[in-house]
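Structure file upload38.csv (CSV, C-alpha atoms) follows.
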```
chain,number,residue,atom,x,y,z
A,16,MET,CA,35.9,86.0,-9.2
A,17,SER,CA,36.0,87.1,-5.6
A,18,LYS,CA,38.7,86.0,-3.1
A,19,GLU,CA,36.1,84.3,-1.0
A,20,SER,CA,34.9,82.3,-4.0
A,21,ILE,CA,38.5,81.2,-4.9
A,22,PHE,CA,39.2,80.3,-1.3
A,23,LYS,CA,36.0,78.3,-1.1
A,24,ARG,CA,36.9,76.4,-4.3
A,25,VAL,CA,40.3,75.6,-2.9
A,26,ILE,CA,38.8,74.3,0.4
A,27,ASP,CA,36.2,72.2,-1.5
A,28,PHE,CA,39.0,70.7,-3.7
A,29,TYR,CA,41.0,69.5,-0.7
A,30,SER,CA,38.2,68.6,1.7
A,31,GLY,CA,35.2,67.9,-0.5
A,32,ASP,CA,35.7,64.1,-0.5
A,33,LEU,CA,37.4,64.0,2.9
A,34,LYS,CA,35.6,61.7,5.5
A,35,SER,CA,35.7,62.3,9.2
A,36,ASP,CA,37.6,59.1,9.9
A,37,ASP,CA,40.1,59.3,7.0
A,38,ILE,CA,42.8,60.9,9.2
A,39,GLU,CA,42.3,58.3,12.0
A,40,LYS,CA,42.5,55.5,9.4
A,41,LEU,CA,45.7,57.0,7.9
A,42,ILE,CA,47.4,57.1,11.3
A,43,MET,CA,46.0,54.0,13.0
A,44,LYS,CA,45.7,51.6,10.0
A,45,ASP,CA,47.4,52.7,6.8
A,46,THR,CA,50.6,53.9,8.2
A,47,PRO,CA,51.4,50.7,10.2
A,48,GLU,CA,50.6,48.6,7.1
A,49,ARG,CA,53.0,50.6,4.9
A,50,TYR,CA,55.6,50.5,7.6
A,51,LYS,CA,55.3,46.7,7.8
A,52,TYR,CA,55.6,46.6,4.0
A,53,PHE,CA,59.1,48.1,4.1
A,54,VAL,CA,60.2,46.3,7.3
A,55,ARG,CA,59.4,42.9,5.7
A,56,SER,CA,62.0,43.6,3.0
A,57,MET,CA,64.7,45.1,5.3
A,58,ASP,CA,67.8,43.1,6.1
A,59,LYS,CA,68.0,41.8,9.6
A,60,PRO,CA,70.7,43.4,11.7
A,61,ALA,CA,73.7,41.3,12.3
A,62,ALA,CA,73.7,41.9,16.0
A,63,GLU,CA,71.7,44.0,18.5
A,64,SER,CA,73.5,47.1,19.7
A,65,LYS,CA,73.0,48.6,23.1
A,66,ASN,CA,73.7,52.1,21.8
A,67,THR,CA,70.4,53.7,20.9
A,68,PHE,CA,71.9,56.2,18.5
A,69,THR,CA,73.8,53.4,16.7
A,70,THR,CA,70.6,51.3,16.5
A,71,PHE,CA,68.6,54.2,15.1
A,72,THR,CA,71.3,55.1,12.5
A,73,ALA,CA,71.4,51.5,11.4
A,74,PHE,CA,67.6,51.4,11.1
A,75,ILE,CA,67.5,54.6,9.0
A,76,LYS,CA,70.3,53.4,6.7
A,77,ASN,CA,68.5,50.0,6.3
A,78,PHE,CA,65.1,51.6,5.7
A,79,THR,CA,66.5,54.1,3.1
A,80,ARG,CA,68.3,51.3,1.3
A,81,THR,CA,65.1,49.2,1.2
A,82,PHE,CA,63.1,52.2,-0.1
A,83,LEU,CA,65.6,52.9,-2.9
A,84,LYS,CA,65.5,49.2,-3.9
A,85,LYS,CA,61.7,49.4,-4.4
A,86,LEU,CA,62.2,52.1,-7.1
A,87,THR,CA,63.0,51.2,-10.7
A,88,PRO,CA,66.8,51.4,-11.5
A,89,VAL,CA,66.5,54.6,-13.6
A,90,ILE,CA,64.3,56.4,-11.1
A,91,ARG,CA,66.5,55.2,-8.2
A,92,LEU,CA,69.6,56.7,-9.9
A,93,LEU,CA,67.9,60.0,-10.8
A,94,TYR,CA,66.2,60.3,-7.3
A,95,THR,CA,69.5,59.8,-5.4
A,96,PHE,CA,71.3,62.3,-7.8
A,97,ALA,CA,68.5,64.9,-7.2
A,98,ILE,CA,68.6,64.5,-3.4
A,99,VAL,CA,72.4,64.8,-3.3
A,100,ILE,CA,72.2,68.0,-5.5
A,101,PHE,CA,69.5,69.4,-3.3
A,102,PHE,CA,71.6,69.0,-0.1
A,103,LEU,CA,74.8,70.3,-1.7
A,104,ALA,CA,72.9,73.4,-3.0
A,105,TRP,CA,71.2,73.9,0.4
A,106,ILE,CA,74.6,73.7,2.2
A,107,GLY,CA,76.2,76.0,-0.4
A,108,GLY,CA,73.3,78.5,-0.3
A,109,SER,CA,72.5,78.0,-4.0
A,110,TRP,CA,68.7,78.3,-3.5
A,111,ASN,CA,67.9,78.3,-7.2
A,112,LEU,CA,69.7,75.0,-7.7
A,113,ALA,CA,68.1,73.7,-4.5
A,114,ILE,CA,64.6,74.6,-5.7
A,115,THR,CA,65.3,73.0,-9.1
A,116,ALA,CA,66.4,69.8,-7.4
A,117,PHE,CA,63.3,69.9,-5.2
A,118,ILE,CA,61.0,70.2,-8.1
A,119,PHE,CA,62.8,67.4,-9.9
A,120,VAL,CA,62.5,65.1,-6.9
A,121,ASN,CA,58.7,65.8,-6.8
A,122,PHE,CA,58.5,65.1,-10.5
A,123,LEU,CA,60.1,61.7,-10.0
A,124,LEU,CA,57.7,60.9,-7.1
A,125,ILE,CA,54.7,61.9,-9.3
A,126,PHE,CA,56.0,59.6,-12.0
A,127,GLU,CA,56.2,56.7,-9.4
A,128,ILE,CA,52.8,57.5,-7.9
A,129,ALA,CA,51.2,57.5,-11.4
A,130,GLU,CA,52.4,53.9,-11.9
A,131,LYS,CA,51.0,53.0,-8.5
A,132,LEU,CA,47.7,54.6,-9.3
A,133,THR,CA,47.5,52.7,-12.6
A,134,VAL,CA,48.0,49.4,-10.7
A,135,ARG,CA,45.4,50.4,-8.1
A,136,ASP,CA,42.9,51.2,-10.8
A,137,GLU,CA,43.5,47.8,-12.4
A,138,LEU,CA,43.1,46.1,-9.0
A,139,GLU,CA,39.9,48.0,-8.4
A,140,ILE,CA,38.6,46.7,-11.7
A,141,ALA,CA,39.7,43.2,-10.8
A,142,ARG,CA,37.9,43.6,-7.4
A,143,ASP,CA,34.7,44.7,-9.1
A,144,VAL,CA,34.8,41.8,-11.5
A,145,GLN,CA,35.5,39.3,-8.7
A,146,THR,CA,32.7,40.8,-6.5
A,147,GLU,CA,30.3,40.5,-9.5
A,148,LEU,CA,31.3,36.9,-10.0
A,149,ILE,CA,30.5,35.8,-6.4
A,150,THR,CA,27.5,38.1,-5.7
A,151,VAL,CA,24.4,36.1,-4.8
A,152,ASN,CA,21.4,37.8,-6.5
A,153,ASN,CA,17.7,37.1,-7.0
A,154,VAL,CA,17.2,34.1,-4.8
A,155,ARG,CA,13.8,32.9,-5.8
A,156,ASP,CA,12.7,30.4,-3.2
A,157,GLU,CA,9.5,30.6,-1.1
A,158,ASP,CA,11.1,28.5,1.7
A,159,ILE,CA,14.3,30.6,2.4
A,160,GLU,CA,15.5,34.1,2.7
A,161,ILE,CA,19.2,34.9,2.2
A,162,SER,CA,21.6,37.8,3.0
A,163,THR,CA,25.3,37.7,2.0
A,164,TYR,CA,28.5,39.6,2.8
A,165,TYR,CA,32.0,39.7,1.2
A,166,GLU,CA,35.0,41.7,2.3
A,167,THR,CA,38.6,41.1,1.1
A,168,ALA,CA,41.7,41.7,3.3
A,169,ARG,CA,43.4,43.2,0.2
A,170,GLU,CA,42.0,44.5,-3.1
A,171,VAL,CA,41.1,41.0,-4.1
A,172,GLY,CA,40.8,37.8,-2.2
A,173,GLY,CA,40.5,34.0,-2.2
A,174,ASP,CA,37.0,33.5,-0.6
A,175,PHE,CA,34.1,32.6,-2.7
A,176,MET,CA,30.4,31.8,-2.4
A,177,ASP,CA,27.8,30.6,-4.9
A,178,PHE,CA,24.1,29.9,-5.2
A,179,ILE,CA,22.9,27.6,-8.0
A,180,GLU,CA,19.3,26.8,-9.0
A,181,LYS,CA,19.0,23.3,-10.2
A,182,ASP,CA,16.5,21.9,-12.7
A,183,ASN,CA,15.1,19.4,-10.1
A,184,GLY,CA,13.9,22.2,-7.9
A,185,SER,CA,16.8,22.1,-5.5
A,186,TYR,CA,19.5,24.8,-4.8
A,187,LEU,CA,23.2,24.4,-4.2
A,188,ILE,CA,24.7,26.8,-1.7
A,189,SER,CA,28.5,26.9,-1.4
A,190,ILE,CA,31.2,28.8,0.4
A,191,GLY,CA,34.9,28.3,0.2
A,192,ASP,CA,38.4,29.7,1.0
A,193,VAL,CA,41.3,29.2,-1.4
A,194,SER,CA,44.8,29.0,0.3
A,195,GLY,CA,46.8,32.2,0.1
A,196,LYS,CA,45.9,35.8,-0.2
A,197,GLY,CA,45.8,38.6,-2.7
A,198,MET,CA,46.0,38.3,-6.5
A,199,SER,CA,47.2,34.7,-6.7
A,200,ALA,CA,44.4,33.5,-4.5
A,201,ALA,CA,41.9,35.6,-6.4
A,202,LEU,CA,42.9,34.0,-9.8
A,203,GLN,CA,42.8,30.5,-8.3
A,204,MET,CA,39.4,31.3,-6.8
A,205,VAL,CA,38.0,32.2,-10.3
A,206,GLN,CA,39.4,28.9,-11.7
A,207,VAL,CA,37.9,26.9,-8.8
A,208,ARG,CA,34.5,28.5,-9.1
A,209,LEU,CA,34.3,27.9,-12.9
A,210,LEU,CA,35.3,24.3,-12.4
A,211,PHE,CA,32.7,23.9,-9.6
A,212,ARG,CA,30.0,25.4,-11.8
A,213,PHE,CA,30.9,23.1,-14.7
A,214,ILE,CA,30.7,20.0,-12.5
A,215,SER,CA,27.5,21.1,-10.8
A,216,ASP,CA,25.7,21.2,-14.2
A,217,SER,CA,25.7,17.4,-14.3
A,218,LEU,CA,25.7,16.3,-10.7
A,219,ASN,CA,23.3,17.1,-7.8
A,220,GLU,CA,24.5,15.3,-4.7
A,221,PRO,CA,27.0,17.4,-2.6
A,222,LYS,CA,29.3,14.5,-1.9
A,223,GLU,CA,29.5,13.5,-5.6
A,224,ILE,CA,30.2,17.1,-6.6
A,225,MET,CA,33.0,17.5,-4.0
A,226,THR,CA,34.6,14.2,-5.0
A,227,SER,CA,34.5,15.1,-8.7
A,228,LEU,CA,35.9,18.6,-7.9
A,229,ASN,CA,38.8,17.1,-6.0
A,230,LYS,CA,39.7,14.7,-8.9
A,231,ASN,CA,39.5,17.5,-11.5
A,232,ILE,CA,41.5,20.0,-9.5
A,233,PHE,CA,44.6,18.0,-10.2
A,234,LYS,CA,43.9,18.0,-13.9
A,235,TYR,CA,43.0,21.6,-14.6
A,236,ILE,CA,44.5,23.7,-11.9
A,237,ASN,CA,48.1,24.3,-10.9
A,238,LYS,CA,49.6,21.9,-8.4
A,239,GLY,CA,49.7,23.1,-4.8
A,240,VAL,CA,46.3,24.7,-5.0
A,241,TYR,CA,43.9,23.6,-2.2
A,242,PHE,CA,40.9,25.1,-0.6
A,243,THR,CA,38.3,24.5,2.1
A,244,MET,CA,34.6,24.4,1.1
A,245,THR,CA,31.1,23.7,2.5
A,246,LEU,CA,28.4,22.7,0.0
A,247,ALA,CA,24.7,22.2,0.8
A,248,GLU,CA,21.8,21.1,-1.3
A,249,VAL,CA,18.6,22.8,-0.2
A,250,ARG,CA,15.2,21.2,-1.1
A,251,ASP,CA,11.9,21.6,0.7
A,252,LYS,CA,13.5,23.0,3.8
A,253,VAL,CA,16.0,20.1,4.0
A,254,LEU,CA,19.7,20.6,3.7
A,255,LYS,CA,22.1,17.9,2.6
A,256,ILE,CA,25.6,19.2,3.7
A,257,CYS,CA,29.2,18.3,2.9
A,258,ARG,CA,32.1,20.0,4.6
A,259,ALA,CA,35.6,19.8,3.1
A,260,GLY,CA,37.8,21.2,5.9
A,261,HIS,CA,35.8,24.4,6.1
A,262,THR,CA,34.5,26.2,9.2
A,263,PRO,CA,31.5,24.4,10.7
A,264,LEU,CA,28.0,25.8,10.0
A,265,VAL,CA,26.2,27.6,12.8
A,266,TYR,CA,22.6,26.3,13.1
A,267,TYR,CA,20.0,28.2,15.1
A,268,SER,CA,17.0,26.0,16.1
A,269,SER,CA,13.9,28.1,16.7
A,270,LYS,CA,12.3,25.2,18.5
A,271,ASN,CA,15.1,25.0,21.1
A,272,ASN,CA,16.1,28.7,20.9
A,273,SER,CA,19.8,27.7,20.8
A,274,CYS,CA,22.7,27.6,18.4
A,275,SER,CA,24.8,24.5,17.6
A,276,LEU,CA,27.7,23.7,15.2
A,277,ILE,CA,27.3,21.4,12.2
A,278,ASN,CA,30.8,20.0,12.2
A,279,GLN,CA,31.0,16.8,10.3
A,280,LYS,CA,34.2,15.3,9.0
A,281,GLY,CA,36.0,16.2,5.7
A,282,MET,CA,39.4,17.2,4.5
A,283,ALA,CA,40.3,20.2,2.2
A,284,VAL,CA,39.9,19.9,-1.6
A,285,GLY,CA,43.2,19.5,-3.5
A,286,LEU,CA,45.3,17.9,-0.7
A,287,CYS,CA,45.3,14.4,-2.1
A,288,SER,CA,44.2,12.7,-5.3
A,289,ASN,CA,43.6,9.2,-3.9
A,290,GLY,CA,40.5,7.8,-2.3
A,291,LEU,CA,41.4,9.3,1.1
A,292,PHE,CA,39.5,12.5,0.3
A,293,GLU,CA,36.2,10.7,-0.7
A,294,SER,CA,36.4,8.4,2.4
A,295,SER,CA,36.9,11.4,4.7
A,296,LEU,CA,33.7,13.2,3.5
A,297,GLU,CA,30.7,12.9,5.7
A,298,GLU,CA,27.3,13.9,4.4
A,299,PHE,CA,24.8,15.3,6.9
A,300,THR,CA,21.1,15.9,6.5
A,301,LEU,CA,19.5,18.7,8.3
A,302,LYS,CA,15.7,19.0,8.5
A,303,THR,CA,14.8,22.6,9.3
A,304,GLU,CA,11.7,24.4,10.5
A,305,THR,CA,10.3,27.9,10.1
A,306,ASN,CA,12.5,30.6,11.6
A,307,ASP,CA,15.5,28.3,11.8
A,308,ILE,CA,18.8,30.1,10.8
A,309,ILE,CA,21.9,28.7,9.1
A,310,ILE,CA,25.2,30.6,8.9
A,311,PHE,CA,27.8,29.7,6.3
A,312,TYR,CA,31.0,31.7,7.0
A,313,SER,CA,34.8,31.8,6.3
A,314,ASP,CA,37.3,31.8,9.2
A,315,GLY,CA,38.0,35.5,8.5
A,316,LEU,CA,34.8,36.3,10.4
A,317,THR,CA,35.4,34.4,13.7
A,318,GLU,CA,39.2,35.0,13.6
A,319,THR,CA,38.9,38.8,13.2
A,320,MET,CA,41.5,40.2,15.7
A,321,ASN,CA,41.5,43.4,17.7
A,322,SER,CA,44.6,45.4,18.6
A,323,ASP,CA,45.3,43.0,21.5
A,324,ARG,CA,45.2,40.1,19.1
A,325,ASN,CA,42.1,38.6,20.6
A,326,GLU,CA,39.8,36.8,18.2
A,327,PHE,CA,36.1,37.7,17.7
A,328,GLY,CA,35.3,34.0,18.2
A,329,ILE,CA,32.5,31.5,17.4
A,330,GLU,CA,30.8,32.0,20.7
A,331,LYS,CA,30.2,35.7,20.1
A,332,LEU,CA,28.8,34.9,16.7
A,333,LYS,CA,26.4,32.3,18.2
A,334,GLU,CA,25.4,34.8,20.9
A,335,LEU,CA,24.5,37.4,18.3
A,336,ILE,CA,22.4,34.9,16.3
A,337,CYS,CA,20.4,33.8,19.3
A,338,GLU,CA,19.8,37.4,20.5
A,339,ASN,CA,18.6,38.5,17.1
A,340,SER,CA,16.9,35.4,15.8
A,341,GLY,CA,13.6,37.3,15.3
A,342,LYS,CA,15.2,39.7,12.7
A,343,THR,CA,15.6,39.3,9.0
A,344,PRO,CA,18.9,38.0,7.5
A,345,GLU,CA,19.7,41.4,6.3
A,346,GLU,CA,19.2,42.9,9.8
A,347,ILE,CA,21.3,40.2,11.4
A,348,LYS,CA,24.1,40.8,8.8
A,349,ASN,CA,24.2,44.5,9.7
A,350,ILE,CA,24.3,43.7,13.4
A,351,ILE,CA,27.2,41.2,12.9
A,352,LEU,CA,29.1,43.7,10.8
A,353,GLU,CA,28.6,46.5,13.4
A,354,GLU,CA,29.9,44.2,16.2
A,355,VAL,CA,32.9,43.0,14.2
A,356,SER,CA,33.8,46.6,13.4
A,357,LYS,CA,33.6,47.7,17.0
A,358,PHE,CA,35.7,44.7,18.1
A,359,ARG,CA,38.4,45.1,15.4
A,360,GLY,CA,38.7,48.9,15.8
A,361,TYR,CA,41.7,50.0,13.8
A,362,ALA,CA,43.5,46.7,13.8
A,363,GLU,CA,44.8,45.3,10.5
A,364,VAL,CA,42.4,43.1,8.5
A,365,HIS,CA,44.2,39.8,8.4
A,366,ASP,CA,41.8,37.7,6.3
A,367,ASP,CA,38.9,37.8,3.9
A,368,ILE,CA,35.4,37.8,5.5
A,369,THR,CA,32.6,36.1,3.8
A,370,PHE,CA,29.3,34.8,5.2
A,371,ILE,CA,25.8,33.7,4.1
A,372,ILE,CA,22.8,34.0,6.4
A,373,MET,CA,19.9,31.8,5.5
A,374,LYS,CA,16.6,31.9,7.3
A,375,ILE,CA,13.8,29.4,6.8
A,376,LYS,CA,10.4,31.0,6.1
```

As C-alpha cells, the full file:
Amino acid sequence: MSKESIFKRVIDFYSGDLKSDDIEKLIMKDTPERYKYFVRSMDKPAAESKNTFTTFTAFIKNFTRTFLKKLTPVIRLLYTFAIVIFFLAWIGGSWNLAITAFIFVNFLLIFEIAEKLTVRDELEIARDVQTELITVNNVRDEDIEISTYYETAREVGGDFMDFIEKDNGSYLISIGDVSGKGMSAALQMVQVRLLFRFISDSLNEPKEIMTSLNKNIFKYINKGVYFTMTLAEVRDKVLKICRAGHTPLVYYSSKNNSCSLINQKGMAVGLCSNGLFESSLEEFTLKTETNDIIIFYSDGLTETMNSDRNEFGIEKLKELICENSGKTPEEIKNIILEEVSKFRGYAEVHDDITFIIMKIK
C-alpha cells in the first residue's frame, strides 16, 4: 500500500464525518455548556479576593476538586496517583516512568469515556423511542393538512403532542409540556400520554377529557407532577378547544389576513384535585374557513433566546405566519425553523421546542 493511500485513509478516518460547523459548535455551544456543568457543582468562594492571582488559583483548585469528585472513587484514586507519578517522573527526568504514567492516565480516561458513551447510547435509544411515541403520522382528513416539529433541549424532553382519530369522525389534537427537563420529564411525559390516550378512548369532549385527566393524574402518577396542555376536537372544519395553562393558539384568518391569539382561561393539569380545575376550564369553539391556519406550540418556541438573552417572541411568530400564509404547513415549518436558528445562533437551547401547524383545506 502506497504512502499516499495510507495518508488518505488516515485523513478520511479523522475528517470523513466532520461537518463544517462542528468546530464552531464545539467552541460556541458545547464548551460553555460543559463549563456550566462543572461550575454548578463548584463550591462558592467564601469571599471575593481583589488579587487576580489568588482568585485564579482558588478557581483552579475548586475546579480540579469538582472534576475529581465527578469520577468514581477508584478511578479518582488511580487518576490522582498517575498524575502525581507523571509530574515526579517529569521533574526527575525519568521519561520511561513519565510515559508509563501518561499512558495509564489515558487508559483511565478511556475507561471513563466508555461509560459515558454507553450512557449516551442508551439516551439516544430513549430519544428515538420517545420521538416515535409522539410522531404524528398518516393524518387522513380531507379538511386539514398538518406538519409537526419536535426538538428537545437535552437528549430527551417533557413536551408531547398527539393526534387521535375517533370513531365518530372527529380528531383530537393535543400538545403539552410536562414540568421539568431531561429524563425525569421524559418518563413523566410517557405516563401522561398513556393516561391521556386511555381516557380519550371513552370520552370525546375536550373539557371532559381534561377534567378526567386531572382527576386520574393524582391516582396513577407521582405527586408533584403537573403539566400544561391544549386539546382540540376537530370536526368538519370546526375546532372545540380547551387550554389548561398552555401557550395560546395562534390563529390566522384568511378572510381578515391577520393573526390573533386564542387565549381562553384554564389552569395547568395536576395542580389541584378539587373542583377548581374544572371550573377554571373554558371551552372555545372556532369555526374555520379554507386556508385558515392554526398553530399549536410549546413555550420553547417563542421563548427561544439569542446570545443577548432576547426572546424570539409571539409577535415574530405571528408575522411569519401572515407573511407565508399561502404556503403549505411543511413550508411554513421550515421557514419558522430557519428564522429560529438564525435568531438563536450559538446560544444554549433552554427548552424543548414543539409545534403543530394545521391548515384548513

Exercise for the section: Measure the distance from CA of Ala283 (chain A) to CA of Ala259 (chain A) in Å and round it to one decimal. Expected result: 4.8 Å

Exercise for the section: Can you pull out every residue within 6 Å of region 313-316 of chain A, counting all atoms listed in the file, but drop anything in the same chain fewer than 4 positions away, and send it as a ChimeraX atom specification? Expected result: /A:366-369

Handout entry: Sphere at (17.8, 20.6, 5.2), radius 6 Å, counting all atoms listed in the file: residues as an NGL selection string
Key = :A and (249 or 252-255 or 300-303)

Exercise for the section: May I ask for the distance between CA of Thr319 (chain A) and CA of Leu332 (chain A), given in Å to one decimal place? Expected result: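 Taking CA of Thr319 (chain A) and CA of Leu332 (chain A), their separation equals 11.4 Å.
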
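Distance-wise, CA of Arg208 (chain A) and CA of Asp143 (chain A) end up 16.2 Å apart.
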
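If all atoms listed in the file are the atoms counted, then among A:Arg80, A:Arg258, A:Lys342, A:Arg91 the closest residue to Val284 (chain A) is A:Arg258.
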
Exercise for the section: Choose the residue, out of A:Thr163, A:Thr79, A:Ser295, A:Thr226, that has the smallest atom-to-atom separation from Lys374 (chain A); count all atoms listed in the file. Expected result: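 Residue with the minimum atom-to-atom distance to Lys374 (chain A): A:Thr163.
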
Exercise for the section: Find the spatial neighbours of Leu296 (chain A), counting all atoms listed in the file, within a cut-off of 6 Å - ignore same-chain residues fewer than 2 positions away - and output them as number ranges by chain. Expected result: A: 280-281, 293-294

Practice task
Extract, using only C-alpha atoms, all DNA, RNA and protein residues at most 8 Å from Met373 (chain A), discarding same-chain residues fewer than 5 positions from it, and format them as a count of residues only.
Solution key: 8

Handout entry: Distance query Tyr235 (chain A) at most 12 Å, all atoms listed in the file, self and fewer than 3 positions along chain excluded, as a PyMOL selection string
Key = chain A and resi 203+206-207+209-211+228-232+238-240+285

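Nearest to Leu264 (chain A) of all the residues A:Asp158, A:Ile372, A:Ile21, A:Asn325 is A:Ile372, based on only C-alpha atoms.
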
Exercise for the section: Identify which of the residues A:Ser273, A:Asn278, A:Leu86, A:Lys357 lies closest to Ile128 (chain A), counting only C-alpha atoms when measuring atom-to-atom distances. Expected result: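 Using only C-alpha atoms, the shortest distance to Ile128 (chain A) belongs to A:Leu86.
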
Exercise for the section: Give as number ranges by chain each residue that has an atom at most 12 Å from (29.4, 19.3, 4.6) in the file, counting only C-alpha atoms. Expected result: A: 187-191, 220-225, 243-248, 254-264, 276-283, 295-301, 311

Handout entry: Counting all atoms listed in the file, the residue of A:Tyr164, A:Phe119, A:Tyr50, A:Phe213 that sits nearest Ile347 (chain A)
Key =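 Smallest distance to Ile347 (chain A) is found for A:Tyr164.
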
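Take the candidates A:Arg250, A:Arg142, A:Lys85, A:Arg324 and check each one against Gly197 (chain A) using all atoms listed in the file; the shortest distance goes to A:Arg142.
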
Exercise for the section: With a distance cut-off of 9 Å and only C-alpha atoms, select the neighbouring residues of Gly173 (chain A), excluding the residue or stretch itself and same-chain residues fewer than 6 positions from it, and output the selection as a PyMOL selection string. Expected result: chain A and resi 167+191-205+367

Counting only C-alpha atoms, which residues of region 233-297 of chain A sit at most 8 Å from some atom of region 334-341 of chain A, and what is each one's closest atom pair with its distance in Å to one decimal, listed by chain and rising residue number, as a tab-separated table?
```
residue	atom	partner	partner_atom	distance
A:Tyr267	CA	A:Cys337	CA	7.0
A:Ser269	CA	A:Ser340	CA	7.9
A:Asn272	CA	A:Cys337	CA	6.9
A:Ser273	CA	A:Cys337	CA	6.3
A:Cys274	CA	A:Cys337	CA	6.7
```
